[in-house]
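Source file query-v9.cif; content: mmCIF, C-alpha atoms.
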```cif
data_query
#
loop_
_atom_site.label_atom_id
_atom_site.label_comp_id
_atom_site.auth_asym_id
_atom_site.auth_seq_id
_atom_site.Cartn_x
_atom_site.Cartn_y
_atom_site.Cartn_z
CA MET U 16 -50.79 13.61 32.04
CA ALA U 17 -48.33 15.18 29.66
CA GLY U 18 -45.93 13.03 27.67
CA ALA U 19 -42.43 12.21 28.83
CA ASN U 20 -40.83 14.80 26.58
CA SER U 21 -43.12 17.57 27.86
CA SER U 22 -42.67 16.65 31.54
CA TYR U 23 -38.89 16.98 31.29
CA GLY U 24 -38.97 20.09 29.11
CA ARG U 25 -37.40 18.36 26.06
CA PRO U 26 -38.78 19.20 22.63
CA PRO U 27 -40.13 16.30 20.60
CA ARG U 28 -37.69 14.66 18.17
CA ASN U 29 -37.83 16.13 14.66
CA ASP U 30 -36.08 14.34 11.80
CA VAL U 31 -36.95 17.02 9.26
CA PHE U 32 -34.93 20.22 8.97
CA ASP U 33 -35.44 22.95 6.37
CA GLY U 34 -37.83 20.71 4.50
CA LYS U 35 -35.28 17.92 4.19
CA GLN U 36 -35.23 14.52 5.85
CA LEU U 37 -32.15 14.28 8.06
CA ARG U 38 -29.86 11.34 7.51
CA LYS U 39 -29.61 8.90 10.38
CA ALA U 40 -26.31 9.21 12.23
CA VAL U 41 -24.08 6.20 11.63
CA ALA U 42 -21.15 5.30 13.84
CA ARG U 43 -18.12 4.99 11.56
CA ARG U 44 -15.16 2.81 12.33
CA THR U 45 -11.97 4.78 12.72
CA VAL U 46 -8.29 4.11 13.29
CA ASP U 47 -6.90 6.92 15.41
CA PHE U 48 -3.13 6.81 15.74
CA ASN U 49 -2.83 9.91 17.96
CA SER U 50 -3.10 8.10 21.29
CA SER U 51 -0.54 5.43 20.34
CA ALA U 52 1.82 8.08 18.96
CA MET U 53 1.56 10.14 22.16
CA ARG U 54 2.26 7.05 24.28
CA TRP U 55 5.31 6.29 22.16
CA PHE U 56 6.66 9.84 22.56
CA LEU U 57 6.09 9.82 26.33
CA ASP U 58 7.63 6.39 26.85
CA ARG U 59 10.58 7.22 24.64
CA ALA U 60 11.42 10.28 26.74
CA TRP U 61 11.79 8.59 30.11
CA GLN U 62 13.16 5.33 28.68
CA SER U 63 16.06 7.13 27.02
CA GLU U 64 16.88 8.98 30.24
CA LEU U 65 16.67 6.03 32.61
CA GLY U 66 17.74 3.28 30.20
CA ILE U 67 14.65 1.19 30.96
CA ASP U 68 13.29 -1.34 28.48
CA THR U 69 9.88 -0.78 26.99
CA PRO U 70 7.05 -2.72 28.64
CA ALA U 71 5.99 -5.95 26.97
CA ILE U 72 2.66 -6.04 25.15
CA GLN U 73 0.66 -8.98 26.44
CA PRO U 74 -1.70 -11.03 24.21
CA ASN U 75 -4.93 -9.66 25.67
CA MET U 76 -7.30 -6.80 24.95
CA GLU U 77 -6.12 -4.86 28.01
CA SER U 78 -2.76 -4.34 26.30
CA THR U 79 -4.35 -2.41 23.45
CA VAL U 80 -3.56 0.85 25.26
CA ASN U 81 0.14 -0.07 25.05
CA LEU U 82 0.06 -0.45 21.27
CA VAL U 83 2.55 1.92 19.62
CA PRO U 84 3.30 2.89 15.98
CA PRO U 85 5.39 0.54 13.79
CA ALA U 86 8.38 2.91 14.03
CA ALA U 87 8.74 2.22 17.77
CA ASP U 88 11.65 0.03 18.89
CA GLN U 89 9.49 -2.80 20.26
CA MET U 90 7.62 -2.99 16.94
CA SER U 91 10.63 -2.64 14.65
CA GLU U 92 12.10 -5.81 16.14
CA ASN U 93 9.17 -7.87 14.81
CA PRO U 94 7.74 -6.68 11.46
CA VAL U 95 4.94 -9.26 11.63
CA THR U 96 3.16 -6.97 14.08
CA SER U 97 2.60 -4.53 11.21
CA ALA U 98 0.72 -6.99 9.01
CA CYS U 99 -2.56 -5.19 8.29
CA THR U 100 -5.05 -8.08 8.16
CA LYS U 101 -7.95 -6.48 10.06
CA PHE U 102 -10.66 -5.08 7.78
CA VAL U 103 -11.77 -1.55 8.65
CA HIS U 104 -13.78 0.01 5.83
CA SER U 105 -14.72 -0.35 2.17
CA SER U 106 -15.20 2.79 0.07
CA MET U 107 -16.77 2.88 -3.37
CA ASN U 108 -17.49 5.54 -5.98
CA LYS U 109 -20.94 6.24 -7.40
CA PRO U 110 -21.22 4.93 -10.06
CA GLY U 111 -18.74 2.15 -9.43
CA CYS U 112 -15.77 1.56 -11.70
CA PRO U 113 -12.37 -0.20 -11.43
CA ILE U 114 -9.80 1.66 -9.30
CA HIS U 115 -6.37 1.46 -10.93
CA ALA U 116 -4.26 3.50 -8.49
CA CYS U 117 -4.28 4.64 -4.87
CA LYS U 118 -1.82 6.83 -3.00
CA TRP U 119 -1.77 8.36 0.50
CA THR U 120 -0.98 12.04 0.77
CA PRO U 121 2.46 12.60 2.36
CA GLU U 122 0.99 13.69 5.73
CA GLY U 123 -1.40 10.71 5.77
CA LYS U 124 -4.62 12.72 6.13
CA ARG U 125 -6.22 11.58 2.88
CA LEU U 126 -6.12 8.78 0.34
CA ILE U 127 -6.26 9.65 -3.36
CA THR U 128 -7.61 7.03 -5.77
CA GLY U 129 -7.46 7.07 -9.57
CA ALA U 130 -10.35 5.44 -11.42
CA LYS U 131 -10.96 4.03 -14.86
CA THR U 132 -13.14 7.07 -15.58
CA GLY U 133 -10.13 9.39 -15.08
CA GLU U 134 -11.44 10.77 -11.77
CA PHE U 135 -9.58 11.50 -8.55
CA THR U 136 -11.48 10.60 -5.38
CA LEU U 137 -10.29 11.84 -2.00
CA TRP U 138 -11.11 9.75 1.08
CA GLN U 139 -10.63 10.95 4.64
CA GLY U 140 -7.75 9.10 6.31
CA LEU U 141 -9.25 8.84 9.81
CA THR U 142 -12.88 7.82 9.32
CA PHE U 143 -12.46 6.85 5.61
CA ASN U 144 -15.51 8.78 4.45
CA PHE U 145 -15.84 10.53 1.07
CA GLU U 146 -14.43 14.05 0.80
CA THR U 147 -14.47 15.13 -2.83
CA ILE U 148 -14.15 13.97 -6.42
CA LEU U 149 -12.74 15.73 -9.49
CA GLN U 150 -12.30 14.91 -13.16
CA ALA U 151 -8.53 14.71 -13.47
CA HIS U 152 -8.03 13.06 -16.89
CA ASP U 153 -10.04 12.34 -20.02
CA ALA U 154 -8.81 8.73 -20.09
CA GLU U 155 -8.20 5.90 -17.65
CA LEU U 156 -5.80 6.80 -14.83
CA ARG U 157 -2.87 4.42 -14.56
CA SER U 158 -0.33 5.86 -12.13
CA ILE U 159 -0.06 8.35 -9.25
CA ILE U 160 3.16 9.33 -7.46
CA TRP U 161 4.28 12.02 -4.98
CA SER U 162 7.60 13.84 -5.02
CA HIS U 163 9.99 13.30 -2.12
CA ASP U 164 9.61 16.93 -0.99
CA GLU U 165 5.84 16.25 -0.70
CA ASN U 166 4.90 19.30 -2.78
CA TRP U 167 4.07 17.77 -6.16
CA MET U 168 2.04 14.88 -7.51
CA LEU U 169 2.22 13.34 -10.98
CA SER U 170 -0.46 11.32 -12.72
CA GLY U 171 -0.41 9.39 -15.99
CA ASP U 172 -3.27 8.07 -18.11
CA GLN U 173 -4.05 5.69 -20.94
CA LYS U 174 -3.60 8.33 -23.66
CA GLY U 175 0.02 8.98 -22.63
CA THR U 176 -0.66 12.28 -20.84
CA VAL U 177 1.20 13.34 -17.68
CA LYS U 178 -0.20 16.03 -15.38
CA TYR U 179 1.39 18.08 -12.58
CA TRP U 180 -0.63 18.63 -9.37
CA GLN U 181 0.00 20.71 -6.28
CA SER U 182 -0.83 19.43 -2.81
CA ASN U 183 -4.15 21.34 -2.92
CA MET U 184 -5.09 19.36 -6.07
CA ASN U 185 -4.55 22.33 -8.36
CA ASN U 186 -3.50 21.22 -11.86
CA LEU U 187 -0.64 23.37 -13.16
CA GLN U 188 0.68 21.51 -16.19
CA ALA U 189 -0.24 18.78 -18.66
CA PHE U 190 1.72 17.38 -21.59
CA HIS U 191 1.76 14.41 -23.93
CA ALA U 192 4.64 12.17 -22.84
CA HIS U 193 4.08 8.89 -24.73
CA LYS U 194 2.23 7.65 -27.78
CA ASP U 195 0.64 4.83 -25.81
CA THR U 196 -0.60 4.02 -22.31
CA ILE U 197 1.60 5.22 -19.43
CA ARG U 198 2.05 2.33 -17.03
CA ASP U 199 4.25 3.78 -14.28
CA LEU U 200 6.00 6.94 -13.07
CA SER U 201 8.90 7.43 -10.66
CA PHE U 202 10.72 10.47 -9.21
CA SER U 203 14.47 10.68 -8.78
CA HIS U 204 15.83 11.10 -5.25
CA THR U 205 16.44 14.82 -5.89
CA ASP U 206 13.00 15.39 -7.51
CA ALA U 207 14.76 17.18 -10.38
CA LYS U 208 14.01 14.31 -12.79
CA PHE U 209 11.33 11.70 -13.20
CA ALA U 210 10.93 8.60 -15.33
CA SER U 211 7.92 7.26 -17.22
CA CYS U 212 7.31 3.93 -18.95
CA SER U 213 4.73 3.03 -21.55
CA ASP U 214 3.26 0.39 -23.80
CA ASP U 215 5.31 1.95 -26.63
CA ASN U 216 8.26 -0.19 -25.39
CA THR U 217 10.23 2.78 -24.02
CA VAL U 218 11.32 4.35 -20.75
CA LYS U 219 11.79 8.12 -20.80
CA VAL U 220 13.72 10.41 -18.46
CA TRP U 221 12.28 13.92 -18.04
CA ASP U 222 13.46 17.19 -16.54
CA PHE U 223 10.76 18.04 -14.02
CA VAL U 224 11.10 21.85 -14.05
CA GLN U 225 11.56 22.38 -17.78
CA ILE U 226 9.24 19.51 -18.78
CA ARG U 227 11.85 18.40 -21.28
CA GLU U 228 12.56 14.90 -22.52
CA GLU U 229 16.20 14.13 -21.77
CA ARG U 230 16.63 10.50 -22.77
CA VAL U 231 14.70 7.64 -24.29
CA LEU U 232 15.75 4.23 -22.99
CA GLU U 233 15.13 1.60 -25.65
CA GLY U 234 15.88 -2.09 -25.32
CA HIS U 235 12.72 -3.84 -24.20
CA GLY U 236 11.05 -5.95 -26.84
CA TRP U 237 7.51 -5.41 -25.62
CA ASP U 238 5.33 -3.18 -23.40
CA VAL U 239 7.21 -1.71 -20.41
CA ARG U 240 4.93 -2.22 -17.41
CA CYS U 241 6.89 -0.73 -14.50
CA VAL U 242 9.79 1.54 -13.63
CA ASP U 243 11.39 2.63 -10.36
CA TRP U 244 14.21 5.08 -9.58
CA HIS U 245 16.98 4.10 -7.18
CA PRO U 246 16.64 5.91 -3.81
CA SER U 247 20.20 7.29 -3.90
CA TYR U 248 21.75 7.00 -7.38
CA PRO U 249 20.77 7.78 -11.00
CA ILE U 250 19.85 4.16 -11.67
CA LEU U 251 16.55 2.94 -13.08
CA ALA U 252 14.95 -0.49 -12.97
CA SER U 253 12.24 -1.45 -15.46
CA GLY U 254 10.16 -4.56 -16.06
CA SER U 255 8.48 -5.52 -19.29
CA LYS U 256 6.04 -7.85 -20.94
CA ASP U 257 9.06 -9.57 -22.50
CA SER U 258 9.80 -10.97 -18.97
CA ASN U 259 13.11 -9.07 -18.74
CA LEU U 260 14.18 -6.83 -15.86
CA LYS U 261 16.64 -4.17 -17.00
CA ILE U 262 18.91 -1.88 -14.99
CA TRP U 263 19.69 1.48 -16.64
CA ASP U 264 22.10 4.36 -16.12
CA ALA U 265 19.76 7.37 -16.13
CA LYS U 266 22.58 9.80 -17.04
CA SER U 267 23.98 8.04 -20.08
CA GLY U 268 20.90 6.01 -21.01
CA LYS U 269 22.92 2.78 -21.19
CA ASN U 270 21.57 -0.62 -20.19
CA LEU U 271 23.82 -1.80 -17.35
CA THR U 272 22.46 -5.34 -17.12
CA THR U 273 19.45 -7.51 -17.85
CA LEU U 274 18.11 -9.98 -15.28
CA HIS U 275 16.30 -13.05 -16.64
CA GLY U 276 14.54 -14.29 -13.53
CA HIS U 277 10.91 -14.47 -14.63
CA LYS U 278 9.06 -16.39 -17.32
CA LYS U 279 6.13 -14.02 -17.83
CA THR U 280 5.28 -10.31 -17.71
CA ILE U 281 6.94 -8.34 -14.91
CA VAL U 282 4.23 -6.09 -13.48
CA LYS U 283 6.06 -4.35 -10.60
CA VAL U 284 9.61 -3.46 -9.58
CA LYS U 285 10.41 -1.72 -6.28
CA TRP U 286 13.73 -0.62 -4.81
CA ASN U 287 14.18 -1.06 -1.10
CA ALA U 288 15.00 2.00 1.01
CA ASN U 289 18.50 0.61 1.64
CA GLY U 290 19.21 0.75 -2.12
CA ASN U 291 20.66 -2.77 -2.21
CA TRP U 292 17.52 -4.86 -2.79
CA LEU U 293 15.33 -4.86 -5.87
CA LEU U 294 11.92 -6.51 -5.68
CA SER U 295 10.10 -7.79 -8.77
CA GLY U 296 6.66 -9.33 -9.17
CA SER U 297 5.46 -11.19 -12.22
CA GLN U 298 2.51 -12.93 -13.81
CA ASP U 299 4.33 -16.24 -13.23
CA GLN U 300 3.01 -15.94 -9.62
CA LEU U 301 6.51 -15.37 -8.26
CA ILE U 302 8.08 -12.48 -6.36
CA LYS U 303 11.86 -12.30 -6.49
CA ILE U 304 14.37 -10.15 -4.70
CA TYR U 305 17.79 -9.30 -6.14
CA ASP U 306 20.94 -8.04 -4.45
CA ILE U 307 22.04 -5.27 -6.79
CA ARG U 308 25.61 -5.40 -5.46
CA MET U 309 26.05 -8.88 -6.94
CA MET U 310 23.34 -8.61 -9.62
CA LYS U 311 21.98 -11.93 -8.40
CA GLU U 312 18.68 -13.23 -7.11
CA PHE U 313 18.90 -14.32 -3.48
CA GLN U 314 15.30 -15.23 -2.67
CA ALA U 315 12.06 -16.18 -4.42
CA PHE U 316 8.69 -15.89 -2.70
CA ARG U 317 6.12 -18.54 -3.65
CA GLY U 318 2.58 -18.50 -2.32
CA HIS U 319 0.36 -16.61 -4.72
CA LYS U 320 -2.15 -18.79 -6.55
CA ARG U 321 -2.66 -16.27 -9.36
CA GLU U 322 -0.67 -13.53 -11.10
CA VAL U 323 0.99 -10.89 -8.93
CA THR U 324 -0.49 -7.47 -9.68
CA SER U 325 0.89 -5.08 -7.02
CA MET U 326 3.64 -4.76 -4.38
CA GLN U 327 4.83 -2.20 -1.85
CA TRP U 328 7.62 -2.08 0.75
CA HIS U 329 6.63 -1.11 4.27
CA PRO U 330 7.64 2.49 5.11
CA GLN U 331 9.11 1.60 8.52
CA HIS U 332 10.31 -2.02 8.27
CA GLU U 333 13.12 -2.48 5.79
CA ASN U 334 12.57 -6.22 5.32
CA PHE U 335 8.76 -6.30 5.17
CA PHE U 336 6.42 -5.86 2.18
CA ALA U 337 2.89 -6.59 0.98
CA SER U 338 1.68 -7.91 -2.36
CA GLY U 339 -1.66 -8.25 -4.13
CA ALA U 340 -2.77 -10.75 -6.75
CA TYR U 341 -5.20 -11.23 -9.61
CA ASP U 342 -7.53 -13.34 -7.43
CA GLY U 343 -7.98 -10.51 -4.89
CA ALA U 344 -5.62 -11.96 -2.27
CA ILE U 345 -3.18 -9.91 -0.16
CA TYR U 346 -0.01 -11.47 1.22
CA PHE U 347 2.56 -10.15 3.70
CA TRP U 348 6.20 -11.23 3.46
CA VAL U 349 9.40 -10.93 5.49
CA VAL U 350 12.73 -11.16 3.68
CA GLY U 351 14.44 -14.35 4.76
CA GLN U 352 11.24 -16.33 5.25
CA SER U 353 9.95 -18.38 2.33
CA ASP U 354 6.29 -18.48 3.39
CA PRO U 355 4.00 -15.47 3.86
CA VAL U 356 3.77 -14.38 7.50
CA ALA U 357 0.12 -13.33 7.07
CA SER U 358 -2.49 -13.27 4.34
CA VAL U 359 -6.03 -12.22 3.46
CA PRO U 360 -7.03 -14.66 0.69
CA CYS U 361 -10.44 -13.09 0.02
CA ALA U 362 -9.63 -9.41 0.46
CA HIS U 363 -11.21 -8.43 -2.88
CA GLN U 364 -13.49 -10.11 -5.37
CA SER U 365 -11.17 -9.28 -8.27
CA SER U 366 -7.66 -8.08 -9.07
CA VAL U 367 -5.82 -5.88 -6.55
CA TRP U 368 -4.48 -3.26 -8.96
CA ASP U 369 -2.65 -1.15 -6.39
CA LEU U 370 -1.87 -0.93 -2.68
CA ASP U 371 -0.20 1.69 -0.53
CA TRP U 372 0.90 1.92 3.10
CA HIS U 373 0.01 4.84 5.32
CA PRO U 374 3.19 6.89 6.01
CA MET U 375 3.14 5.64 9.62
CA GLY U 376 2.74 2.04 8.44
CA HIS U 377 -0.32 1.13 10.53
CA ILE U 378 -2.89 1.14 7.69
CA LEU U 379 -2.84 -0.49 4.26
CA ALA U 380 -5.11 0.77 1.47
CA THR U 381 -5.94 -1.46 -1.50
CA SER U 382 -7.72 -0.65 -4.76
CA SER U 383 -9.27 -3.28 -6.96
CA ASN U 384 -11.08 -4.16 -10.14
CA ASP U 385 -14.17 -4.89 -8.02
CA HIS U 386 -14.74 -1.07 -7.79
CA ALA U 387 -13.83 -0.98 -4.07
CA THR U 388 -11.08 0.73 -2.11
CA LYS U 389 -10.52 -1.06 1.18
CA PHE U 390 -8.66 -0.07 4.34
CA TRP U 391 -6.86 -2.60 6.53
CA THR U 392 -5.15 -2.13 9.88
CA ARG U 393 -3.14 -4.11 12.42
CA GLN U 394 -4.75 -6.71 14.62
CA ARG U 395 -5.02 -5.68 18.26
CA PRO U 396 -3.40 -7.80 20.98
CA GLY U 397 -5.59 -10.84 21.62
CA ASP U 398 -7.62 -10.63 18.39
CA GLN U 399 -8.50 -14.06 17.00
CA MET U 400 -8.94 -12.97 13.35
CA ASN U 401 -12.35 -14.57 13.07
CA ASP U 402 -13.98 -12.09 10.70
CA LYS U 403 -15.22 -12.98 7.23
CA TYR U 404 -11.98 -11.94 5.52
CA SER U 405 -9.55 -14.02 7.57
CA ALA U 406 -11.43 -17.01 9.01
CA SER U 407 -14.84 -17.94 7.62
CA GLY U 408 -14.03 -16.18 4.35
CA GLN U 409 -11.23 -18.62 3.53
CA PRO U 410 -12.25 -21.58 1.40
CA ASN U 411 -11.34 -25.01 2.71
CA GLU U 412 -9.84 -27.88 0.72
CA GLU U 413 -13.13 -28.60 -1.05
CA GLY U 414 -13.57 -24.93 -1.96
CA GLU U 415 -16.44 -24.44 0.53
CA ARG U 416 -16.80 -21.38 2.74
CA GLY U 417 -19.50 -22.15 5.23
CA SER U 418 -18.58 -25.49 6.78
CA GLY U 419 -17.23 -25.76 10.29
CA ARG U 420 -14.05 -27.44 9.18
CA GLY U 421 -13.36 -24.62 6.70
CA ARG U 422 -13.86 -22.01 9.40
CA SER U 423 -11.62 -23.75 11.91
CA ALA U 424 -8.86 -24.35 9.35
CA GLY U 425 -9.07 -20.76 8.15
CA ARG U 426 -8.94 -19.51 11.72
CA GLN U 427 -5.77 -21.47 12.40
CA ARG U 428 -4.12 -20.12 9.24
CA GLY U 429 -5.38 -16.63 9.95
CA ARG U 430 -3.71 -16.49 13.36
CA GLN U 431 -0.38 -15.93 11.70
CA GLY U 432 -1.11 -12.21 12.09
CA TYR U 433 -0.97 -10.01 15.17
CA GLY U 434 -2.67 -12.28 17.74
CA GLN U 435 -1.96 -15.01 20.26
CA ASN U 436 0.72 -16.78 18.22
CA ASP U 437 3.01 -13.74 18.08
CA TYR U 438 3.94 -14.23 21.73
CA SER U 439 5.96 -16.90 23.49
CA SER U 440 5.07 -18.44 26.84
CA ARG U 441 7.50 -16.06 28.53
CA ASP U 442 5.69 -13.16 26.87
CA ARG U 443 2.39 -14.22 28.45
CA GLN U 444 4.02 -14.23 31.85
CA GLY U 445 5.35 -10.72 31.33
CA HIS U 446 9.05 -11.69 31.26
CA ALA U 447 9.89 -10.86 27.67
CA ARG U 448 8.99 -8.63 24.80
CA LEU U 449 7.57 -9.50 21.40
CA ARG U 450 9.40 -12.17 19.51
#
```

Take the structure in this file and express it as structure tokens.
Amino acid sequence: MAGANSSYGRPPRNDVFDGKQLRKAVARRTVDFNSSAMRWFLDRAWQSELGIDTPAIQPNMESTVNLVPPAADQMSENPVTSACTKFVHSSMNKPGCPIHACKWTPEGKRLITGAKTGEFTLWQGLTFNFETILQAHDAELRSIIWSHDENWMLSGDQKGTVKYWQSNMNNLQAFHAHKDTIRDLSFSHTDAKFASCSDDNTVKVWDFVQIREERVLEGHGWDVRCVDWHPSYPILASGSKDSNLKIWDAKSGKNLTTLHGHKKTIVKVKWNANGNWLLSGSQDQLIKIYDIRMMKEFQAFRGHKREVTSMQWHPQHENFFASGAYDGAIYFWVVGQSDPVASVPCAHQSSVWDLDWHPMGHILATSSNDHATKFWTRQRPGDQMNDKYSASGQPNEEGERGSGRGRSAGRQRGRQGYGQNDYSSRDRQGHARLR
């Protein structure tokens, strides 16, 4: 009797093609936002016409089909639902090296990472697999930014060189901007100017088209670690190793004020999209937010156990941001609440050098000193957050990871994300929306 394959007319399986052993197909985890975006567009059409409220998302897996992007009305009311605490994928270069910068492309199709070796690596934004790698700089990459018109990208390295890139990764220009390491870059709201800061204690304002140095802002007493341009006005904010946060007039080059809120190096400053709030993170383990209208601090965020290394505002929620620390932890914060609303204490094995939100706000990418770039997404309705990063991965009071008490305590703390505790009793009965 012939074999099963012959009886049904199927050829025998052959794992060799053209003299090469075929790789075994692996199912890759993916985060596809198309279905949720389409549901949002469809619901928004008839809801606006009939004036009907959006349906409530119940805390069970069946409600996953009703999940919509963070920009939707029912999600914008509760920014905690956008806390990306669910691990999706970890990507790593060969050979491995620390990843100092990561930035999503403006359309969200790819993630670009900058490595210590000076290489750009492009990762696919849907299945997170490797696409290509190119040698961008001869020294360690330190900063990557996109222009607001989404046509240009700037990168800075440890030798003080700045390079211009088109969206197709074609390098058009390179020039020596500083005598020492470039720590940060920032575009103006018109994209006509950009600012750079360096370990040479200066902040410089450049004309983007003519590649001409317009002003040198001097006043910091030590390395300038970060700079950010105001979203609407020619105002710059810079943080330094001298623990001072300075506000500058980019046109005249004058120092408008100096804020003395931190005791150690300020590693990140970020303007909010509303232009009124300025966020600063420091090696004193504190994150502070200032109201620029009064030039006063109005809230301090305490929770990090080690130095703050990175921060980023959410692209859709004005009062929501994420931060990374030297111990590899990621925290999520809401302005007005003193404690973090969600956290991943063991996200990385080493410092989180940079993090960036997907333009839609449903994925968070983090790059670390442990050579890994990791992707995180929102918890689905009903998820218990019992994976190794949120539950069993959290150390208990004795510093143990494997005991039952550590797992149960970690699970209770981990449920601060998008799970059962985000809904009231009325929500479970279908009478109300998200809190």

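Separating atom CA of U:Asp354 from atom CA of U:Gly339 is a distance of 15.0 Å.
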
- request: Step by step, work through what the PyMOL selection byres ((chain U and resi 299-303) around 9) selects in the shown file, and finish by giving those residues as a VMD selection string.
  value: chain U and resid 276 to 281 293 to 298 304 to 305 312 to 323 338 340

For this file, the PyMOL selection byres ((chain U and resi 332) around 10) selects which residues, as a compact mmCIF listing (two decimals) with C-alpha atoms, keeping the file's coordinate frame?
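Everything below was put into selection-v8.txt:
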```
# COMPACT_ATOMS: atom_id res chain seq x y z
CA PRO U 85 5.39 0.54 13.79
CA ALA U 86 8.38 2.91 14.03
CA MET U 90 7.62 -2.99 16.94
CA SER U 91 10.63 -2.64 14.65
CA GLU U 92 12.10 -5.81 16.14
CA ASN U 93 9.17 -7.87 14.81
CA PRO U 94 7.74 -6.68 11.46
CA VAL U 95 4.94 -9.26 11.63
CA SER U 97 2.60 -4.53 11.21
CA ALA U 288 15.00 2.00 1.01
CA TRP U 328 7.62 -2.08 0.75
CA HIS U 329 6.63 -1.11 4.27
CA PRO U 330 7.64 2.49 5.11
CA GLN U 331 9.11 1.60 8.52
CA GLU U 333 13.12 -2.48 5.79
CA ASN U 334 12.57 -6.22 5.32
CA PHE U 335 8.76 -6.30 5.17
CA PHE U 336 6.42 -5.86 2.18
CA VAL U 349 9.40 -10.93 5.49
CA GLY U 376 2.74 2.04 8.44
```

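Note on the selection: in this file the PyMOL selection byres ((chain U and resi 181) around 12) comes out as Thr120, Ile160, Trp161, Ser162, Asp164, Glu165, Asn166, Trp167, Met168, Leu169, Ser170, Lys178, Tyr179, Trp180, Ser182, Asn183, Met184, Asn185, Asn186, Leu187 and Gln188 of chain U.
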
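For the pair atom CA of U:Val242 and atom CA of U:Pro360, the separation is 27.4 Å.
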
Could you pull the residues within 8 Å of U:Met107, counting all atoms listed in the file, minus those fewer than 4 positions along the same chain, as a PDB file with C-alpha atoms, in the frame of the given file?
```pdb
ATOM      1  CA  GLY U 111     -18.740   2.150  -9.430  1.00  0.00           C
ATOM      2  CA  HIS U 386     -14.740  -1.070  -7.790  1.00  0.00           C
ATOM      3  CA  ALA U 387     -13.830  -0.980  -4.070  1.00  0.00           C
ATOM      4  CA  THR U 388     -11.080   0.730  -2.110  1.00  0.00           C
TER       5      THR U 388
END
```

Enclose the full set of atoms of stretch 279-290 of chain U listed in the file within a box whose edges lie along x, y and z, apply 8 Å of padding to each of the six sides, and report centre and edge lengths in Å to one decimal as AutoDock Vina command-line options.
```
--center_x 11.7 --center_y -6.0 --center_z -8.1 --size_x 31.0 --size_y 32.0 --size_z 35.5
```
